[in-house]
Amino acid sequence: MMSARPIRASAVAPVALLAALAALLGALLPATAAQAAGRTVEGGRLDWGIKSSFQSYVTGPVAKGGFKLKGGAATVGGSLFRFHSATGSYDPDSGSLEASFSGGVAFQGHQKPDGAYELDLSVSRPTVKISGGGGTLYVDVSSKAKDSGEVTTASQVPFATLGLSGVNMKGGGSPIALTNIPATLTDQGAKAFAGYYAAGAQLDPLSLSADVKPAAAAADAGQPATRTPAAESPGASQAPQGAGAFADAAVDWGVRRTFREYVSGSVGQGKWDLAEGAQDGGALFRFPQGKGAYDSAHGTLDAAFAGSVHFTGAHLDLKLGKVSVKVENGKGVLSADVTTGGQDTRNVVPLVEFDAKGLKAEGGLATLTEAPATLTEGGAQAFNSMYKPGTEMDPVSLSVALDAAAKLPALPNLGSTATPAAPTPTPTPAPAAAAKAEGTSETGLYAALAVAVLVLAGGAAFLLVRKRRTEAAATAGSAGSAGSEPQD
């Protein structure tokens with residue numbers, strides 16, 4: 001009978017190490033999977049022309065119409081609309097993406113004697129949903145039927161099917177990028193399009209870029225904010241000083257869409273530069289740090305803002321600075337110091353008049369959103385008579401923080417890769433997810449650990465099998481072969 005012998009340390013070490021590594025790997029991998037799933041999309045833009053032939057028809061000699069941008073949407077390139085501020089989620093493991101964008105565009109044409117339009121269609125809030133290799137574009141649509149004139153409004157209509165053949169959405173980093181993805185009108189989209197096109201019609205391809213928060217940042221976003229001593233400082237809770245004074249204010253104005261397109265286009269061959277605190281919101285400029293007085297009872301506002309915008313190009317040198325706004329009796333005037341040719345400056349020139357009846361205070365914030373604006377006589381002179389007095393200019397938006405706790409509306413978030421130019425066309429859809437594999441180093445670490453576990457598992461098994469076979473051979477008194485080594 002064989003006597004029991006103690007197991008040597010050389011046999012225990014691989015087993016102990018194997019157990020430790022297995023425990024470590026088991027603890028790490030579930031955490032990684034949890035981090036990878038459901039990351040937050042925050043910031044980005046979608047460029048889409050809807051259907052360029054429809055644009056041409058609306059603005060052409062038959063319909064004699066046009067389009068208006070709303071909600072901070074912009075134009076880019078020759079015929080693209082840029083929607084902004086992506087929100088949603090992305091799962092790099094499955095490749096599922098949901099990204100909703102802000103902004104809209106309204107088309108109008110065939111104006112009737114009473115001023116109404118026979119063609120009246122608006123598209124807004126496009127949302128891209130991709131899952132399981134397929135994708136759909138959803139939009140909010142308001143349209144007037146061609147025959148009856150009945151207006152139909154629908155939210156998040158499955159408007160177009162996206163062509164994602166050959167596109168791999170898995171494992172993307174930030175930003176997620178899609179370029180020139182084909183879009184085909186659906187049955188529901190055709191109905192929402194007021195019957196102008198049949199289901200199956202090819203719409204303009206779309207391109208998007210969406211910023212994805214790292215897993216840790218996304219998790220932190222759901223946690224309550226930590227209060228800091230600065231937030232509790234006496235100055236933060238003090239009310240504005242003086243009669244009618246407010247804590248902060250901003251005015252948003254894009255000047256005029258076609259003027260921006262002229263400046264940056266092949267004719268103007270120019271650009272614009274922001275200075276002194278002015279901010280670029282894509283389709284508008286924000287002049288911040290407003291100071292002045294606001295009377296909510298009488299609806300009056302007198303405010304001066306920081307920032308300047310300087311347009312330069314072929315035969316063009318125009319700077320607008322020291323913007324101010326006055327509101328009284330439901331009417332508003334936006335003025336600015338106007339400098340032409342880099343030398344001649346005229347102070348406090350009334351540029352546009354706008355409808356201010358919508359300026360209302362709610363809580364600690366008074367706002368006016370996209371009020372229609374027209375050019376004044378002084379504004380026409382500022383633009384060197386490029387436009388006549390009364391010409392429609394970009395709408396004006398105002399936001400006034402009545403106390404320090406109120407926050408002004410955020411500017412459109414175009415994402416980390418937003419550029420003023422249109423995406424470069426490609427013959428075929430580009431790979432969907434940008435190949436920057438965020439978290440690659442983590443994946444490599446876990447893969448290495450897994451390989452180590454497998455190697456050690458094979459080594460430990462080999463040592464144990466060899467030991468037992470050697471002991472069995474010695475006991476039997478034979479020289480039998482130990483057999484082939486186990487495969488890893």
# chains A, B, ... in the order shown; residues from 1 in each chain; ligands from 1

call {"tool": "residues_around", "arguments": {"residues": "Lys291 of chain A", "least_positions_apart": "6", "cutoff": "8 Å", "atoms": "only C-alpha atoms", "output": "ChimeraX atom specification"}}
result
/A:245-249,303-305

call {"tool": "write_last_selection", "arguments": {"atoms": "N, CA, C and O atoms", "output": "tab-separated table (two decimals), in the first residue's frame"}}
result
chain	number	residue	atom	x	y	z
A	245	ALA	N	-32.09	95.56	-11.94
A	245	ALA	CA	-30.84	94.93	-12.36
A	245	ALA	C	-31.01	93.41	-12.42
A	245	ALA	O	-31.83	92.83	-11.72
A	246	PHE	N	-30.23	92.79	-13.27
A	246	PHE	CA	-30.27	91.33	-13.41
A	246	PHE	C	-28.86	90.77	-13.26
A	246	PHE	O	-27.87	91.50	-13.29
A	247	ALA	N	-28.78	89.44	-13.11
A	247	ALA	CA	-27.49	88.79	-12.85
A	247	ALA	C	-26.67	88.58	-14.10
A	247	ALA	O	-25.44	88.72	-14.10
A	248	ASP	N	-27.32	88.24	-15.20
A	248	ASP	CA	-26.60	87.94	-16.44
A	248	ASP	C	-27.60	87.97	-17.59
A	248	ASP	O	-28.81	87.87	-17.38
A	249	ALA	N	-27.09	88.09	-18.81
A	249	ALA	CA	-27.96	88.09	-19.98
A	249	ALA	C	-27.13	87.81	-21.23
A	249	ALA	O	-25.91	88.01	-21.24
A	303	ALA	N	-30.17	96.76	-22.21
A	303	ALA	CA	-29.00	95.96	-21.87
A	303	ALA	C	-27.89	96.14	-22.88
A	303	ALA	O	-28.14	96.32	-24.08
A	304	ALA	N	-26.66	96.09	-22.38
A	304	ALA	CA	-25.46	96.13	-23.23
A	304	ALA	C	-24.71	94.82	-23.07
A	304	ALA	O	-24.66	94.24	-21.97
A	305	PHE	N	-24.10	94.34	-24.15
A	305	PHE	CA	-23.49	93.01	-24.17
A	305	PHE	C	-22.04	93.09	-24.62
A	305	PHE	O	-21.63	94.03	-25.29

call {"tool": "residues_around", "arguments": {"residues": "Gly342 of chain A", "least_positions_apart": "3", "cutoff": "10 Å", "atoms": "only C-alpha atoms", "output": "compact mmCIF listing (two decimals) with C-alpha atoms, in the first residue's frame"}}
result
# COMPACT_ATOMS: atom_id res chain seq x y z
CA HIS A 310 -15.66 90.86 -37.69
CA THR A 312 -13.72 90.12 -43.85
CA ASP A 317 -14.55 94.62 -43.97
CA LEU A 318 -17.36 94.96 -41.45
CA LYS A 319 -17.14 94.74 -37.68
CA VAL A 338 -20.29 99.54 -36.76
CA THR A 339 -16.73 99.71 -38.10
CA THR A 345 -16.73 103.67 -36.72

call {"tool": "residues_around", "arguments": {"residues": "Ala190 of chain A", "least_positions_apart": "3", "cutoff": "10 Å", "atoms": "only C-alpha atoms", "output": "VMD selection string"}}
result
chain A and resid 159 to 160 185 to 187 193 to 201

call {"tool": "residues_around", "arguments": {"residues": "Ala297 of chain A", "least_positions_apart": "5", "cutoff": "12 Å", "atoms": "only C-alpha atoms", "output": "mmCIF file with N, CA and C atoms, in the first residue's frame"}}
result
data_model
loop_
_atom_site.group_PDB
_atom_site.id
_atom_site.type_symbol
_atom_site.label_atom_id
_atom_site.label_comp_id
_atom_site.auth_asym_id
_atom_site.auth_seq_id
_atom_site.Cartn_x
_atom_site.Cartn_y
_atom_site.Cartn_z
ATOM 1 N N GLY A 244 -34.301 96.944 -11.041
ATOM 2 C CA GLY A 244 -34.410 96.237 -12.310
ATOM 3 C C GLY A 244 -33.153 95.532 -12.759
ATOM 4 N N GLU A 328 -39.302 97.884 -25.630
ATOM 5 C CA GLU A 328 -40.341 98.738 -25.058
ATOM 6 C C GLU A 328 -41.598 98.611 -25.899
ATOM 7 N N ASN A 329 -42.754 98.503 -25.212
ATOM 8 C CA ASN A 329 -44.052 98.419 -25.896
ATOM 9 C C ASN A 329 -44.103 97.281 -26.908
ATOM 10 N N LEU A 359 -41.325 88.362 -24.923
ATOM 11 C CA LEU A 359 -40.370 88.404 -23.811
ATOM 12 C C LEU A 359 -41.114 88.253 -22.494
ATOM 13 N N LYS A 360 -40.961 87.093 -21.869
ATOM 14 C CA LYS A 360 -41.680 86.786 -20.637
ATOM 15 C C LYS A 360 -40.728 86.219 -19.602
ATOM 16 N N ALA A 361 -41.037 86.502 -18.342
ATOM 17 C CA ALA A 361 -40.248 85.959 -17.234
ATOM 18 C C ALA A 361 -40.969 84.775 -16.615
ATOM 19 N N ALA A 366 -35.941 85.286 -17.841
ATOM 20 C CA ALA A 366 -36.790 85.912 -18.858
ATOM 21 C C ALA A 366 -36.220 85.573 -20.231
#

call {"tool": "residues_around", "arguments": {"residues": "Lys388 of chain A", "least_positions_apart": "3", "cutoff": "10 Å", "atoms": "only C-alpha atoms", "output": "list in words"}}
result
Thr374, Leu375, Thr376, Glu377, Gly379, Ala380, Gln381, Phe383, Asn384, Ser385, Thr391 and Glu392 of chain A

call {"tool": "write_last_selection", "arguments": {"atoms": "N, CA and C atoms", "output": "PDB file, in the first residue's frame"}}
result
ATOM      1  N   THR A 374     -36.227  92.583 -38.739  1.00  0.00           N
ATOM      2  CA  THR A 374     -36.081  93.222 -40.046  1.00  0.00           C
ATOM      3  C   THR A 374     -35.032  94.330 -39.973  1.00  0.00           C
ATOM      4  N   LEU A 375     -34.391  94.583 -41.111  1.00  0.00           N
ATOM      5  CA  LEU A 375     -33.307  95.548 -41.188  1.00  0.00           C
ATOM      6  C   LEU A 375     -33.831  96.989 -41.115  1.00  0.00           C
ATOM      7  N   THR A 376     -33.125  97.815 -40.374  1.00  0.00           N
ATOM      8  CA  THR A 376     -33.479  99.224 -40.277  1.00  0.00           C
ATOM      9  C   THR A 376     -32.771 100.029 -41.369  1.00  0.00           C
ATOM     10  N   GLU A 377     -33.061 101.319 -41.431  1.00  0.00           N
ATOM     11  CA  GLU A 377     -32.368 102.195 -42.373  1.00  0.00           C
ATOM     12  C   GLU A 377     -30.876 102.252 -42.047  1.00  0.00           C
ATOM     13  N   GLY A 379     -29.219  99.962 -40.472  1.00  0.00           N
ATOM     14  CA  GLY A 379     -28.652  98.653 -40.772  1.00  0.00           C
ATOM     15  C   GLY A 379     -28.335  98.504 -42.241  1.00  0.00           C
ATOM     16  N   ALA A 380     -29.215  99.018 -43.103  1.00  0.00           N
ATOM     17  CA  ALA A 380     -28.969  98.947 -44.538  1.00  0.00           C
ATOM     18  C   ALA A 380     -27.688  99.703 -44.897  1.00  0.00           C
ATOM     19  N   GLN A 381     -27.472 100.860 -44.271  1.00  0.00           N
ATOM     20  CA  GLN A 381     -26.251 101.617 -44.519  1.00  0.00           C
ATOM     21  C   GLN A 381     -25.026 100.870 -44.003  1.00  0.00           C
ATOM     22  N   PHE A 383     -24.570  97.738 -43.986  1.00  0.00           N
ATOM     23  CA  PHE A 383     -24.248  96.683 -44.941  1.00  0.00           C
ATOM     24  C   PHE A 383     -24.015  97.243 -46.336  1.00  0.00           C
ATOM     25  N   ASN A 384     -23.728  98.530 -46.394  1.00  0.00           N
ATOM     26  CA  ASN A 384     -23.383  99.174 -47.663  1.00  0.00           C
ATOM     27  C   ASN A 384     -24.473  98.967 -48.711  1.00  0.00           C
ATOM     28  N   SER A 385     -25.727  99.052 -48.251  1.00  0.00           N
ATOM     29  CA  SER A 385     -26.900  98.939 -49.132  1.00  0.00           C
ATOM     30  C   SER A 385     -26.982  97.598 -49.845  1.00  0.00           C
ATOM     31  N   THR A 391     -35.653  94.377 -44.999  1.00  0.00           N
ATOM     32  CA  THR A 391     -35.242  93.018 -45.360  1.00  0.00           C
ATOM     33  C   THR A 391     -35.260  92.123 -44.119  1.00  0.00           C
ATOM     34  N   GLU A 392     -35.772  90.933 -44.288  1.00  0.00           N
ATOM     35  CA  GLU A 392     -35.806  89.984 -43.170  1.00  0.00           C
ATOM     36  C   GLU A 392     -34.391  89.535 -42.831  1.00  0.00           C
TER      37      GLU A 392
END

call {"tool": "atom_distance", "arguments": {"atom1": "atom CA of Gly173 of chain A", "atom2": "atom CA of Pro92 of chain A"}}
result
7.9 Å

call {"tool": "atom_distance", "arguments": {"atom1": "atom CA of Ser53 of chain A", "atom2": "atom CA of Tyr117 of chain A"}}
result
19.2 Å

call {"tool": "select_by_dssp", "arguments": {"residues": "segment 179-402 of chain A", "states": "strand (DSSP E or B)", "output": "JSON, numbers by chain"}}
result
{"A": [179, 180, 181, 182, 183, 184, 185, 202, 203, 204, 205, 206, 207, 208, 209, 210, 211, 212, 245, 248, 249, 250, 251, 252, 253, 271, 272, 273, 274, 275, 279, 280, 285, 286, 287, 291, 292, 293, 294, 295, 300, 301, 302, 303, 304, 308, 309, 310, 311, 312, 313, 316, 317, 318, 319, 320, 321, 322, 323, 324, 325, 326, 327, 328, 331, 332, 333, 334, 335, 336, 337, 338, 339, 340, 344, 345, 346, 347, 348, 349, 350, 351, 352, 353, 354, 355, 360, 361, 362, 365, 366, 367, 368, 369, 370, 371, 372, 373, 374, 375, 392, 393, 394, 395, 396, 397, 398, 399, 400, 401]}

call {"tool": "select_by_dssp", "arguments": {"residues": "segment 112-344 of chain A", "states": "helix (DSSP H, G or I)", "output": "VMD selection string"}}
result
chain A and resid 187 to 192 215 to 221 229 to 232 234 to 237 257 to 264

call {"tool": "write_last_selection", "arguments": {"atoms": "C-alpha atoms", "output": "PDB file, in the first residue's frame"}}
result
ATOM      1  CA  ASP A 187     -44.147  54.408 -46.372  1.00  0.00           C
ATOM      2  CA  GLN A 188     -44.806  56.519 -43.285  1.00  0.00           C
ATOM      3  CA  GLY A 189     -42.234  59.042 -44.445  1.00  0.00           C
ATOM      4  CA  ALA A 190     -43.975  59.372 -47.825  1.00  0.00           C
ATOM      5  CA  LYS A 191     -47.278  60.137 -46.103  1.00  0.00           C
ATOM      6  CA  ALA A 192     -45.609  62.668 -43.795  1.00  0.00           C
ATOM      7  CA  ALA A 215     -18.015  54.942 -19.161  1.00  0.00           C
ATOM      8  CA  ALA A 216     -16.679  56.503 -15.976  1.00  0.00           C
ATOM      9  CA  ALA A 217     -17.803  59.980 -17.015  1.00  0.00           C
ATOM     10  CA  ALA A 218     -21.239  58.673 -18.000  1.00  0.00           C
ATOM     11  CA  ALA A 219     -21.612  56.994 -14.613  1.00  0.00           C
ATOM     12  CA  ASP A 220     -20.543  60.127 -12.794  1.00  0.00           C
ATOM     13  CA  ALA A 221     -23.095  62.159 -14.748  1.00  0.00           C
ATOM     14  CA  PRO A 229     -17.491  76.138  -0.742  1.00  0.00           C
ATOM     15  CA  ALA A 230     -17.589  78.457  -3.750  1.00  0.00           C
ATOM     16  CA  ALA A 231     -21.201  77.493  -4.455  1.00  0.00           C
ATOM     17  CA  GLU A 232     -22.112  78.510  -0.939  1.00  0.00           C
ATOM     18  CA  PRO A 234     -22.277  84.819   0.125  1.00  0.00           C
ATOM     19  CA  GLY A 235     -21.871  86.476  -3.287  1.00  0.00           C
ATOM     20  CA  ALA A 236     -23.495  83.577  -5.138  1.00  0.00           C
ATOM     21  CA  SER A 237     -26.814  84.058  -3.371  1.00  0.00           C
ATOM     22  CA  ARG A 257     -27.940  83.312 -43.069  1.00  0.00           C
ATOM     23  CA  THR A 258     -27.406  84.246 -46.699  1.00  0.00           C
ATOM     24  CA  PHE A 259     -24.908  86.929 -45.676  1.00  0.00           C
ATOM     25  CA  ARG A 260     -22.829  84.329 -43.816  1.00  0.00           C
ATOM     26  CA  GLU A 261     -23.031  82.047 -46.831  1.00  0.00           C
ATOM     27  CA  TYR A 262     -21.942  84.903 -49.086  1.00  0.00           C
ATOM     28  CA  VAL A 263     -18.982  85.773 -46.849  1.00  0.00           C
ATOM     29  CA  SER A 264     -17.692  82.202 -46.624  1.00  0.00           C
TER      30      SER A 264
END

call {"tool": "closest_residue", "arguments": {"among": "A:Trp253, A:Phe311, A:Tyr294, A:Tyr90", "to": "Ala275 of chain A", "atoms": "only C-alpha atoms"}}
result
A:Phe311
